[in-house]
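Note: the block below is run-v3.cif and it holds mmCIF, C-alpha atoms.
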data_final
loop_
_atom_site.label_atom_id
_atom_site.label_comp_id
_atom_site.auth_asym_id
_atom_site.auth_seq_id
_atom_site.Cartn_x
_atom_site.Cartn_y
_atom_site.Cartn_z
CA MET A 693 -220.02 -2.96 15.87
CA ALA A 694 -217.68 -1.13 13.62
CA GLU A 695 -214.99 -1.92 16.13
CA ASP A 696 -215.91 -5.60 16.02
CA GLU A 697 -215.70 -5.62 12.28
CA LYS A 698 -212.34 -4.01 12.47
CA ASP A 699 -211.20 -6.58 14.97
CA GLY A 700 -212.49 -9.35 12.73
CA VAL A 701 -210.44 -8.08 9.89
CA ASN A 702 -207.46 -7.69 12.14
CA ARG A 703 -207.59 -11.20 13.45
CA ARG A 704 -208.18 -13.01 10.20
CA GLY A 705 -206.76 -10.92 7.59
CA ALA A 706 -204.40 -8.42 9.09
CA LEU A 707 -201.98 -8.91 6.34
CA GLU A 708 -199.15 -6.59 5.90
CA CYS A 709 -197.45 -7.63 2.80
CA MET A 710 -195.01 -6.26 0.39
CA LEU A 711 -195.13 -7.97 -2.94
CA TRP A 712 -192.11 -8.16 -5.06
CA ALA A 713 -194.03 -9.21 -8.03
CA GLY A 714 -191.74 -9.04 -11.01
CA THR A 715 -189.88 -12.23 -10.50
CA GLY A 716 -191.19 -13.82 -7.40
CA VAL A 717 -193.27 -13.39 -4.33
CA LEU A 718 -192.00 -14.57 -1.02
CA TRP A 719 -194.74 -15.86 1.22
CA THR A 720 -194.39 -16.31 4.94
CA VAL A 721 -196.90 -18.28 6.89
CA SER A 722 -197.22 -16.87 10.34
CA GLY A 723 -200.06 -17.84 12.62
CA GLY A 724 -201.96 -19.28 9.69
CA VAL A 725 -201.95 -16.09 7.69
CA PRO A 726 -199.69 -16.18 4.66
CA ARG A 727 -197.86 -12.91 4.19
CA SER A 728 -195.98 -11.92 1.11
CA SER A 729 -192.75 -10.03 1.07
CA MET A 730 -190.82 -7.93 -1.31
CA LEU A 731 -187.68 -9.83 -2.17
CA GLY A 732 -184.49 -7.98 -1.49
CA ILE A 733 -186.11 -5.52 0.86
CA SER A 734 -187.96 -7.18 3.62
CA GLU A 735 -186.34 -10.59 3.93
CA ALA A 736 -185.69 -9.66 7.52
CA ASN A 737 -189.43 -9.60 8.18
CA ALA A 738 -189.86 -12.92 6.47
CA ALA A 739 -186.98 -14.49 8.30
CA ALA A 740 -188.49 -13.57 11.62
CA SER A 741 -191.36 -16.02 11.29
CA GLY A 742 -192.32 -19.59 10.48
CA PHE A 743 -191.65 -20.96 7.06
CA THR A 744 -191.57 -19.24 3.75
CA PHE A 745 -192.39 -20.27 0.24
CA LEU A 746 -192.10 -18.61 -3.12
CA GLN A 747 -194.43 -18.10 -6.02
CA ILE A 748 -193.28 -17.57 -9.56
CA SER A 749 -195.51 -17.58 -12.59
CA ASP A 750 -195.83 -17.32 -16.33
CA SER A 751 -192.23 -17.89 -17.36
CA HIS A 752 -193.41 -18.57 -20.96
CA ILE A 753 -190.15 -20.18 -22.00
CA GLY A 754 -190.14 -20.18 -25.80
CA PHE A 755 -191.73 -16.75 -26.16
CA ASN A 756 -189.44 -14.52 -28.23
CA LYS A 757 -191.52 -11.58 -29.38
CA PRO A 758 -190.70 -7.89 -28.87
CA ALA A 759 -192.39 -7.72 -25.45
CA ASN A 760 -189.40 -9.76 -24.19
CA PRO A 761 -187.12 -11.51 -26.67
CA ASN A 762 -185.21 -13.25 -23.88
CA VAL A 763 -187.60 -14.72 -21.34
CA LEU A 764 -184.99 -17.22 -20.19
CA ALA A 765 -182.77 -14.35 -19.06
CA THR A 766 -185.48 -12.75 -16.93
CA LEU A 767 -186.35 -16.13 -15.43
CA ASP A 768 -182.66 -16.61 -14.63
CA GLU A 769 -182.62 -13.21 -12.93
CA ALA A 770 -185.59 -14.19 -10.83
CA ILE A 771 -183.88 -17.38 -9.76
CA VAL A 772 -180.69 -15.54 -8.87
CA LYS A 773 -182.70 -13.21 -6.63
CA ILE A 774 -184.37 -16.16 -4.98
CA GLY A 775 -181.02 -17.86 -4.43
CA ALA A 776 -179.70 -14.76 -2.71
CA LEU A 777 -182.38 -14.80 -0.02
CA PRO A 778 -180.87 -14.98 3.46
CA GLN A 779 -183.51 -17.45 4.57
CA LYS A 780 -184.03 -20.33 2.21
CA PRO A 781 -187.73 -20.75 1.37
CA ALA A 782 -189.19 -24.18 2.12
CA PHE A 783 -190.32 -24.61 -1.49
CA MET A 784 -191.57 -22.80 -4.53
CA ILE A 785 -194.81 -22.92 -6.46
CA HIS A 786 -195.10 -22.12 -10.15
CA THR A 787 -198.59 -21.08 -11.15
CA GLY A 788 -198.36 -22.13 -14.76
CA ASP A 789 -197.42 -21.15 -18.29
CA ILE A 790 -194.01 -22.58 -17.64
CA THR A 791 -193.56 -22.77 -21.40
CA HIS A 792 -195.04 -20.92 -24.33
CA LEU A 793 -195.78 -23.82 -26.69
CA SER A 794 -195.41 -26.98 -24.56
CA LYS A 795 -192.31 -28.06 -26.50
CA PRO A 796 -189.93 -30.51 -24.81
CA ALA A 797 -186.99 -28.14 -25.26
CA GLU A 798 -188.97 -25.34 -23.60
CA PHE A 799 -189.77 -27.55 -20.60
CA ASP A 800 -186.08 -28.58 -20.48
CA ASP A 801 -184.90 -24.97 -20.48
CA ALA A 802 -187.42 -24.00 -17.79
CA ASP A 803 -186.44 -26.96 -15.61
CA GLN A 804 -182.79 -26.12 -15.93
CA ALA A 805 -183.31 -22.47 -15.00
CA ILE A 806 -185.74 -23.13 -12.15
CA GLY A 807 -183.59 -26.01 -10.89
CA LYS A 808 -180.82 -23.55 -10.09
CA ALA A 809 -182.91 -22.34 -7.16
CA LYS A 810 -182.43 -25.80 -5.64
CA LEU A 811 -185.93 -25.65 -4.20
CA GLN A 812 -188.64 -28.23 -4.42
CA THR A 813 -191.09 -26.75 -6.89
CA PHE A 814 -194.79 -27.50 -7.15
CA TYR A 815 -196.45 -26.76 -10.45
CA VAL A 816 -199.89 -26.32 -11.89
CA PRO A 817 -200.29 -26.09 -15.66
CA GLY A 818 -201.19 -22.99 -17.61
CA GLU A 819 -203.02 -23.29 -20.91
CA HIS A 820 -199.68 -22.90 -22.69
CA ASP A 821 -198.34 -26.03 -20.97
CA ILE A 822 -200.92 -28.43 -22.40
CA ILE A 823 -200.86 -27.64 -26.12
CA ASP A 824 -198.68 -30.58 -27.05
CA GLU A 825 -200.28 -33.02 -29.45
CA GLN A 826 -201.61 -35.16 -26.62
CA GLN A 827 -203.00 -32.14 -24.80
CA GLY A 828 -201.18 -32.22 -21.52
CA LYS A 829 -199.49 -35.61 -21.49
CA ALA A 830 -196.03 -34.04 -21.57
CA TYR A 831 -196.88 -31.82 -18.60
CA LEU A 832 -198.33 -34.66 -16.55
CA GLU A 833 -195.37 -36.93 -17.15
CA ARG A 834 -192.93 -34.25 -16.13
CA TYR A 835 -194.71 -32.54 -13.22
CA GLY A 836 -197.80 -34.56 -12.37
CA LYS A 837 -196.33 -37.95 -11.59
CA ARG A 838 -194.03 -36.75 -8.84
CA VAL A 839 -196.95 -35.32 -6.84
CA GLN A 840 -199.32 -38.21 -7.66
CA ALA A 841 -201.55 -35.75 -9.47
CA LYS A 842 -205.08 -36.74 -10.33
CA GLY A 843 -206.99 -36.03 -13.54
CA THR A 844 -205.39 -33.26 -15.54
CA GLY A 845 -202.88 -32.51 -12.76
CA TRP A 846 -204.58 -31.54 -9.49
CA TYR A 847 -203.18 -32.56 -6.09
CA SER A 848 -202.71 -31.39 -2.53
CA PHE A 849 -200.02 -31.50 0.14
CA ASP A 850 -199.47 -30.30 3.68
CA GLN A 851 -196.63 -28.23 4.97
CA ASN A 852 -196.25 -27.02 8.57
CA GLY A 853 -199.96 -27.33 9.18
CA VAL A 854 -200.96 -25.48 6.04
CA HIS A 855 -202.98 -27.36 3.42
CA PHE A 856 -201.93 -26.57 -0.15
CA VAL A 857 -204.13 -27.48 -3.11
CA GLY A 858 -202.93 -27.24 -6.71
CA LEU A 859 -205.89 -26.94 -9.08
CA VAL A 860 -206.12 -27.10 -12.87
CA ASN A 861 -208.50 -24.66 -14.55
CA VAL A 862 -207.02 -24.64 -18.05
CA ALA A 863 -208.02 -28.06 -19.39
CA ASP A 864 -210.86 -28.84 -21.77
CA LEU A 865 -212.06 -25.25 -22.01
CA LYS A 866 -215.29 -24.56 -23.85
CA GLY A 867 -215.81 -21.97 -26.57
CA GLY A 868 -217.09 -18.70 -25.18
CA GLY A 869 -216.18 -19.63 -21.61
CA MET A 870 -213.42 -18.82 -19.16
CA GLY A 871 -211.27 -21.12 -17.04
CA SER A 872 -212.93 -24.27 -15.75
CA LEU A 873 -212.31 -26.78 -12.98
CA GLY A 874 -214.96 -29.33 -13.97
CA THR A 875 -217.15 -31.63 -11.92
CA GLU A 876 -214.54 -34.36 -11.42
CA GLN A 877 -212.04 -31.97 -9.90
CA LEU A 878 -214.66 -30.26 -7.74
CA ALA A 879 -215.75 -33.64 -6.38
CA TRP A 880 -212.12 -34.46 -5.61
CA LEU A 881 -211.67 -31.09 -3.88
CA ALA A 882 -214.73 -31.66 -1.69
CA ASP A 883 -213.31 -35.02 -0.68
CA ASP A 884 -209.80 -33.65 -0.18
CA LEU A 885 -211.00 -30.93 2.22
CA LYS A 886 -213.47 -33.12 4.07
CA GLY A 887 -211.14 -34.26 6.84
CA LYS A 888 -209.54 -30.86 7.45
CA SER A 889 -210.48 -28.81 10.45
CA ALA A 890 -211.79 -25.30 9.85
CA SER A 891 -208.75 -23.85 11.59
CA THR A 892 -206.38 -25.30 8.99
CA PRO A 893 -205.01 -22.53 6.79
CA VAL A 894 -205.71 -23.37 3.16
CA VAL A 895 -203.79 -22.19 0.12
CA LEU A 896 -205.37 -22.81 -3.28
CA PHE A 897 -203.19 -22.25 -6.31
CA ALA A 898 -204.19 -22.41 -9.95
CA HIS A 899 -203.18 -20.68 -13.16
CA ILE A 900 -206.24 -18.63 -14.15
CA PRO A 901 -207.67 -16.42 -11.40
CA LEU A 902 -210.37 -18.08 -9.31
CA TRP A 903 -212.28 -14.81 -9.33
CA THR A 904 -213.47 -12.84 -12.30
CA VAL A 905 -210.90 -10.18 -13.07
CA SER A 906 -212.28 -9.56 -16.57
CA ALA A 907 -215.06 -11.57 -18.13
CA ASP A 908 -214.45 -9.95 -21.53
CA TRP A 909 -210.90 -11.23 -21.57
CA GLY A 910 -211.77 -14.59 -20.05
CA TRP A 911 -209.81 -13.77 -16.89
CA GLY A 912 -211.80 -15.85 -14.48
CA THR A 913 -213.00 -19.39 -13.79
CA GLU A 914 -216.54 -20.46 -14.69
CA ASP A 915 -217.07 -22.71 -11.68
CA SER A 916 -214.83 -21.00 -9.13
CA THR A 917 -217.86 -20.19 -6.98
CA GLN A 918 -218.29 -23.88 -6.30
CA ALA A 919 -214.65 -24.28 -5.32
CA LEU A 920 -214.83 -21.25 -3.04
CA GLY A 921 -217.99 -22.62 -1.49
CA LEU A 922 -215.98 -25.66 -0.43
CA VAL A 923 -213.43 -23.53 1.46
CA LYS A 924 -215.98 -21.21 3.01
CA ARG A 925 -215.80 -22.86 6.44
CA PHE A 926 -212.05 -22.32 6.75
CA GLY A 927 -210.74 -19.40 8.77
CA SER A 928 -207.84 -18.58 6.47
CA VAL A 929 -207.87 -19.10 2.73
CA THR A 930 -205.33 -17.73 0.29
CA VAL A 931 -205.84 -18.07 -3.45
CA LEU A 932 -202.74 -17.66 -5.60
CA ASN A 933 -202.98 -17.33 -9.38
CA GLY A 934 -201.04 -16.14 -12.41
CA HIS A 935 -202.19 -15.85 -16.03
CA ILE A 936 -202.84 -12.12 -16.15
CA HIS A 937 -199.19 -11.01 -15.81
CA GLN A 938 -199.94 -8.31 -13.29
CA VAL A 939 -200.69 -7.96 -9.63
CA MET A 940 -204.30 -7.96 -8.56
CA GLN A 941 -205.45 -8.58 -5.06
CA LYS A 942 -208.70 -8.56 -3.20
CA VAL A 943 -209.96 -9.79 0.13
CA GLU A 944 -213.41 -11.28 0.56
CA GLY A 945 -214.14 -12.30 4.12
CA ALA A 946 -211.49 -14.80 5.10
CA VAL A 947 -210.30 -15.27 1.52
CA THR A 948 -207.38 -13.35 0.08
CA PHE A 949 -207.04 -13.51 -3.70
CA HIS A 950 -203.77 -12.62 -5.31
CA THR A 951 -202.29 -12.83 -8.79
CA ALA A 952 -198.54 -12.74 -9.33
CA ARG A 953 -196.78 -11.10 -12.21
CA SER A 954 -195.01 -12.94 -14.96
CA THR A 955 -191.25 -13.38 -15.19
CA ALA A 956 -191.61 -12.97 -18.96
CA PHE A 957 -193.70 -10.00 -20.10
CA PRO A 958 -196.46 -7.73 -18.84
CA GLN A 959 -200.04 -7.71 -20.05
CA PRO A 960 -202.35 -4.70 -20.04
CA ALA A 961 -204.81 -3.96 -17.28
CA PRO A 962 -208.36 -4.94 -18.25
CA GLY A 963 -210.03 -2.35 -20.40
CA THR A 964 -206.85 -0.44 -21.20
CA ALA A 965 -206.11 -2.18 -24.49
CA PRO A 966 -208.09 -3.76 -27.32
CA SER A 967 -206.79 -7.19 -26.35
CA PRO A 968 -204.86 -8.83 -23.52
CA GLY A 969 -201.80 -9.55 -25.70
CA PRO A 970 -198.18 -9.12 -24.55
CA MET A 971 -197.47 -5.50 -23.75
CA LYS A 972 -194.35 -4.01 -25.26
CA VAL A 973 -192.63 -1.46 -23.09
CA PRO A 974 -189.30 0.26 -23.82
CA ASP A 975 -186.39 -2.14 -23.21
CA ASP A 976 -185.02 -0.16 -20.30
CA LYS A 977 -188.46 -0.21 -18.70
CA LEU A 978 -189.11 -3.96 -18.90
CA ARG A 979 -187.70 -4.81 -15.50
CA SER A 980 -189.41 -1.85 -13.96
CA VAL A 981 -192.74 -3.09 -15.27
CA LEU A 982 -191.92 -6.52 -13.91
CA GLY A 983 -190.81 -4.78 -10.78
CA ILE A 984 -192.05 -4.44 -7.30
CA ALA A 985 -195.60 -4.14 -6.22
CA SER A 986 -196.39 -3.54 -2.61
CA VAL A 987 -199.72 -4.57 -1.20
CA VAL A 988 -200.31 -3.38 2.30
CA VAL A 989 -203.27 -4.08 4.52
CA LYS A 990 -202.87 -2.23 7.73
CA PRO A 991 -204.99 -2.85 10.80
CA GLY A 992 -208.18 -0.91 10.55
CA THR A 993 -207.72 -0.17 6.87
CA GLN A 994 -210.45 -1.73 4.79
CA PRO A 995 -209.24 -1.31 1.22
CA LEU A 996 -205.94 -2.74 0.16
CA ALA A 997 -203.24 -0.28 -0.67
CA ILE A 998 -201.46 -1.45 -3.74
CA THR A 999 -198.29 0.34 -4.73
CA ASP A 1000 -196.08 -0.51 -7.64
CA ASN A 1001 -192.45 0.26 -7.13
CA ALA A 1002 -189.83 0.12 -9.83
CA LEU A 1003 -187.20 -2.55 -9.35
CA GLY A 1004 -184.65 -0.10 -10.65
CA ALA A 1005 -182.18 -1.03 -13.32
CA GLY A 1006 -182.94 -4.66 -12.58
CA MET B 1284 -212.56 -10.38 -91.87
CA SER B 1285 -211.18 -13.77 -92.73
CA ILE B 1286 -212.39 -16.97 -91.19
CA ASN B 1287 -208.97 -17.41 -89.69
CA SER B 1288 -209.01 -14.11 -87.88
CA LEU B 1289 -212.56 -14.82 -86.65
CA LEU B 1290 -211.38 -18.15 -85.33
CA ILE B 1291 -208.45 -16.46 -83.63
CA ARG B 1292 -210.77 -13.86 -82.13
CA ALA B 1293 -213.13 -16.59 -80.99
CA PHE B 1294 -210.23 -18.53 -79.52
CA LEU B 1295 -208.95 -15.45 -77.71
CA ALA B 1296 -212.40 -14.61 -76.44
CA GLY B 1297 -212.89 -18.20 -75.38
CA GLY B 1298 -209.50 -18.21 -73.72
CA THR B 1299 -210.35 -15.12 -71.76
CA ALA B 1300 -213.71 -16.54 -70.84
CA SER B 1301 -212.18 -19.77 -69.61
CA CYS B 1302 -209.72 -17.79 -67.54
CA VAL B 1303 -212.60 -15.97 -65.92
CA ILE B 1304 -214.41 -19.23 -65.36
CA PHE B 1305 -211.26 -20.76 -63.93
CA ALA B 1306 -210.88 -17.85 -61.53
CA ALA B 1307 -214.52 -18.08 -60.51
CA ILE B 1308 -214.06 -21.72 -59.68
CA ALA B 1309 -210.72 -21.25 -57.95
CA LEU B 1310 -211.74 -18.45 -55.61
CA PRO B 1311 -214.43 -20.31 -53.67
CA GLY B 1312 -211.97 -23.18 -53.27
CA GLU B 1313 -209.94 -21.21 -50.74
CA ALA B 1314 -210.72 -18.80 -47.98
CA ARG B 1315 -208.62 -17.13 -45.37
CA VAL B 1316 -209.27 -16.05 -41.81
CA THR B 1317 -206.67 -14.00 -40.05
CA ILE B 1318 -206.29 -14.00 -36.29
CA ASP B 1319 -205.56 -10.57 -34.95
CA ASN B 1320 -205.95 -8.83 -31.59
CA PHE B 1321 -207.40 -11.93 -29.95
CA SER B 1322 -210.16 -12.28 -32.53
CA PHE B 1323 -210.97 -14.18 -35.69
CA LYS B 1324 -211.39 -11.59 -38.41
CA LEU B 1325 -214.45 -12.79 -40.35
CA PRO B 1326 -216.14 -14.26 -37.29
CA VAL B 1327 -218.76 -15.81 -39.58
CA LEU B 1328 -217.55 -17.09 -42.92
CA THR B 1329 -219.87 -18.65 -45.51
CA ILE B 1330 -218.26 -20.96 -48.07
CA HIS B 1331 -219.20 -23.68 -50.52
CA ALA B 1332 -218.50 -27.32 -49.74
CA GLY B 1333 -215.04 -28.28 -50.90
CA THR B 1334 -213.49 -25.00 -49.82
CA THR B 1335 -210.25 -25.01 -47.89
CA VAL B 1336 -210.11 -22.44 -45.14
CA SER B 1337 -206.75 -21.34 -43.82
CA TRP B 1338 -206.24 -19.48 -40.59
CA GLU B 1339 -203.15 -17.37 -40.02
CA ASN B 1340 -202.09 -16.06 -36.63
CA ASP B 1341 -201.03 -12.42 -36.87
CA ASP B 1342 -200.85 -11.95 -33.10
CA ASP B 1343 -197.78 -11.89 -30.88
CA ILE B 1344 -199.19 -14.72 -28.82
CA ALA B 1345 -200.06 -18.31 -29.71
CA HIS B 1346 -203.61 -19.30 -30.58
CA THR B 1347 -205.41 -22.45 -31.66
CA VAL B 1348 -208.36 -23.19 -33.92
CA VAL B 1349 -210.59 -25.88 -32.43
CA ALA B 1350 -214.01 -27.00 -33.68
CA THR B 1351 -216.59 -27.26 -30.93
CA ASP B 1352 -217.76 -30.62 -32.31
CA GLY B 1353 -214.20 -31.90 -32.72
CA THR B 1354 -214.26 -31.83 -36.55
CA PHE B 1355 -210.89 -30.08 -36.63
CA ARG B 1356 -208.22 -29.05 -34.18
CA SER B 1357 -205.05 -27.14 -34.97
CA ALA B 1358 -201.77 -27.41 -33.14
CA ALA B 1359 -200.66 -24.31 -31.28
CA LEU B 1360 -200.17 -21.58 -33.86
CA ASP B 1361 -197.32 -19.27 -33.04
CA SER B 1362 -197.09 -15.91 -34.79
CA GLU B 1363 -197.49 -16.28 -38.57
CA ASP B 1364 -198.23 -19.99 -38.32
CA LYS B 1365 -201.08 -21.31 -40.47
CA PHE B 1366 -203.65 -24.04 -40.22
CA SER B 1367 -205.89 -25.27 -43.02
CA PHE B 1368 -208.97 -27.44 -43.16
CA THR B 1369 -211.11 -28.47 -46.13
CA PHE B 1370 -214.84 -28.44 -45.55
CA ASP B 1371 -216.28 -31.23 -47.68
CA LYS B 1372 -219.77 -31.36 -46.23
CA PRO B 1373 -222.39 -28.65 -45.78
CA GLY B 1374 -223.14 -27.60 -42.24
CA THR B 1375 -222.38 -25.03 -39.57
CA PHE B 1376 -219.13 -25.37 -37.69
CA ASP B 1377 -218.50 -23.35 -34.54
CA TYR B 1378 -214.90 -23.04 -33.48
CA PHE B 1379 -212.82 -21.26 -30.83
CA CYS B 1380 -209.29 -20.80 -29.53
CA SER B 1381 -208.66 -23.37 -26.80
CA LEU B 1382 -206.11 -21.02 -25.18
CA HIS B 1383 -208.46 -18.03 -25.18
CA PRO B 1384 -211.95 -19.52 -25.43
CA ARG B 1385 -213.57 -16.09 -25.60
CA MET B 1386 -212.28 -16.06 -29.19
CA GLN B 1387 -214.98 -17.66 -31.32
CA GLY B 1388 -215.80 -18.07 -34.98
CA GLN B 1389 -218.17 -19.92 -37.28
CA ILE B 1390 -217.88 -21.47 -40.72
CA VAL B 1391 -221.12 -21.94 -42.64
CA VAL B 1392 -220.71 -24.47 -45.45
CA THR B 1393 -223.34 -24.40 -48.20
CA PRO B 1394 -223.69 -27.14 -50.86
#
Just give me the structure of the file as structure tokens.
Amino acid sequence: MAEDEKDGVNRRGALECMLWAGTGVLWTVSGGVPRSSMLGISEANAAASGFTFLQISDSHIGFNKPANPNVLATLDEAIVKIGALPQKPAFMIHTGDITHLSKPAEFDDADQAIGKAKLQTFYVPGEHDIIDEQQGKAYLERYGKRVQAKGTGWYSFDQNGVHFVGLVNVADLKGGGMGSLGTEQLAWLADDLKGKSASTPVVLFAHIPLWTVSADWGWGTEDSTQALGLVKRFGSVTVLNGHIHQVMQKVEGAVTFHTARSTAFPQPAPGTAPSPGPMKVPDDKLRSVLGIASVVVKPGTQPLAITDNALGAG
Amino acid sequence: MSINSLLIRAFLAGGTASCVIFAAIALPGEARVTIDNFSFKLPVLTIHAGTTVSWENDDDIAHTVVATDGTFRSAALDSEDKFSFTFDKPGTFDYFCSLHPRMQGQIVVTP
């Protein structure tokens, strides 16, 4: 029985991934199981299989406080790294907080920097992207229209047999609560997944984690259980989030949850600081904090091994 | 003591008194809530109707001040930005930060 369980994990989730989390995560979909790679180190592994895509997050263009006075520079560095990949990723996803204050100039700067990657980029909004006067109109006009987004910006698309769903859990939040998807979006999700066979690999991406990382800090989504209930029948589900500016990963059955780091500044681990505000580290340490994290799940190993590796001088 | 000096004393005393009265009236007209470490300092603030409350963001990250019932809603407040609202009517107003909804506060307005 123990052997069976091991086999089950092997088949579904045997995921050997190296996360290069500071500026981007390279995902490879191979046999329906997305794998992530450490940029600059294991491109060879990535290149050996199907198609790849990238995740960047929390670029916070417009932020200029001591934790990182030049967030455009670190975003640029991330894009340069991505451009240097030997195998061009199929596309990129940005899991929100593109800007810091939803200002047009911030969106312009972000677009210009990210555009240098010359990759189709799929966005979901972070809470910082919808604080314009009309609460998200600027975001929707810029990023929602081109993917025929519904509601506050949710949509789905298919790529090489993988079903990708961009969800919005930052709109119309209620006092005292955490992230929220809302009934309209959940109904849409149920309908969107209805025609998909259980063997279709599903990737859900949203800004705030779809699992509760820290209730005290609001790092979770009130109604994520309902969304996860809708993907329960699928054999491979990967949930990609940002928001918390650090790598967290867990596997629950066939579902792998992962949060990417920010390209802008780190935030403290839950419980290690009085508040989740931007974490100031010495200047020469910034890129090392934004550096590499390796997450390895080896066959037969139940817990994930997460290792943070310094990017070096960066 | 001459009448004149008494009058002057009375005037001075009256002047001082009116200053005190002025101050007593002016103080309840304004109140301040600072935002620090992802929390509203003075989570519950009781004021008289007509008082203007100003919030100032002392954090390194943006926050907002949004009434649960929609009575008021600030723009995004970057560090050191302020937002003010005058409470004309008595009542209890719950508010929160729409970016970090775990941050909550309450203004109690008495007549």
Starting from the PyMOL selection byres ((chain A) within 8 of (chain B)), expand the selection into actual residues of this file and give them as number ranges by chain. A: 757, 792-793, 819-820, 823-825, 864-870, 908-910, 966-970
File of the preceding selection, C-alpha atoms, as a PDB file, keeping the file's coordinate frame:
ATOM      1  CA  LYS A 757    -191.520 -11.580 -29.380  1.00  0.00           C
ATOM      2  CA  HIS A 792    -195.040 -20.920 -24.330  1.00  0.00           C
ATOM      3  CA  LEU A 793    -195.780 -23.820 -26.690  1.00  0.00           C
ATOM      4  CA  GLU A 819    -203.020 -23.290 -20.910  1.00  0.00           C
ATOM      5  CA  HIS A 820    -199.680 -22.900 -22.690  1.00  0.00           C
ATOM      6  CA  ILE A 823    -200.860 -27.640 -26.120  1.00  0.00           C
ATOM      7  CA  ASP A 824    -198.680 -30.580 -27.050  1.00  0.00           C
ATOM      8  CA  GLU A 825    -200.280 -33.020 -29.450  1.00  0.00           C
ATOM      9  CA  ASP A 864    -210.860 -28.840 -21.770  1.00  0.00           C
ATOM     10  CA  LEU A 865    -212.060 -25.250 -22.010  1.00  0.00           C
ATOM     11  CA  LYS A 866    -215.290 -24.560 -23.850  1.00  0.00           C
ATOM     12  CA  GLY A 867    -215.810 -21.970 -26.570  1.00  0.00           C
ATOM     13  CA  GLY A 868    -217.090 -18.700 -25.180  1.00  0.00           C
ATOM     14  CA  GLY A 869    -216.180 -19.630 -21.610  1.00  0.00           C
ATOM     15  CA  MET A 870    -213.420 -18.820 -19.160  1.00  0.00           C
ATOM     16  CA  ASP A 908    -214.450  -9.950 -21.530  1.00  0.00           C
ATOM     17  CA  TRP A 909    -210.900 -11.230 -21.570  1.00  0.00           C
ATOM     18  CA  GLY A 910    -211.770 -14.590 -20.050  1.00  0.00           C
ATOM     19  CA  PRO A 966    -208.090  -3.760 -27.320  1.00  0.00           C
ATOM     20  CA  SER A 967    -206.790  -7.190 -26.350  1.00  0.00           C
ATOM     21  CA  PRO A 968    -204.860  -8.830 -23.520  1.00  0.00           C
ATOM     22  CA  GLY A 969    -201.800  -9.550 -25.700  1.00  0.00           C
ATOM     23  CA  PRO A 970    -198.180  -9.120 -24.550  1.00  0.00           C
TER      24      PRO A 970
END
Please evaluate the PyMOL selection byres ((chain A and resi 799) around 12) against the displayed coordinates and give the resulting residues as a ChimeraX atom specification. /A:751-754,764,788-798,800-807,817,820-822,824,830-835
Given the file shown, determine the residues that the PyMOL selection byres ((chain A and resi 926) around 8) selects; report them as a PyMOL selection string. chain A and resi 889-894+923-925+927-929+946
Compare A:Gln938, A:Asn760, A:Thr955, A:Thr744 by their minimum atom-to-atom distance to Pro778 (chain A), counting all atoms listed in the file, and give me the closest one.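 Among A:Gln938, A:Asn760, A:Thr955, A:Thr744, it is A:Thr744 that comes nearest to Pro778 (chain A).
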Show me as a list in words the residues that reach within 12 Å of (-214.1, -35.2, -9.7), counting only C-alpha atoms and using the file's own coordinates.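 The answer, in the requested form, is Lys842, Gly843, Thr844, Gly845, Trp846, Tyr847, Leu859, Val860, Leu873, Gly874, Thr875, Glu876, Gln877, Leu878, Ala879, Trp880, Leu881, Ala882, Asp883, Asp884 and Ala919 of chain A.
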For a test of reading the model, state the distance in Å between CA of Lys808 (chain A) and CA of His950 (chain A), rounded to one decimal. 25.9 Å
How many Å separate CA of Ser906 (chain A) from CA of Met940 (chain A)?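 Distance between the two atoms: 11.4 Å.
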Which distance in Å separates CA of Glu1363 (chain B) and CA of Ala759 (chain A), to one decimal? 16.5 Å
Shell of 8 Å around Val1316 (chain B), only C-alpha atoms, local chain residues under 4 positions omitted, as a tab-separated table (two decimals) with C-alpha atoms, in the coordinates of the input:
chain	number	residue	atom	x	y	z
B	1323	PHE	CA	-210.97	-14.18	-35.69
B	1324	LYS	CA	-211.39	-11.59	-38.41
B	1325	LEU	CA	-214.45	-12.79	-40.35
B	1336	VAL	CA	-210.11	-22.44	-45.14
B	1337	SER	CA	-206.75	-21.34	-43.82
B	1338	TRP	CA	-206.24	-19.48	-40.59
B	1339	GLU	CA	-203.15	-17.37	-40.02
Among the residues A:Thr913, A:Phe783, A:Pro960, A:Ala765, the one that comes closest to Lys972 (chain A) [using only C-alpha atoms]: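 Closest candidate: A:Pro960.
The residue that comes closest to Gln1389 (chain B), out of B:Lys1372, B:Val1327, B:Asn1340, B:Gly1333 and on the basis of only C-alpha atoms, is B:Val1327.
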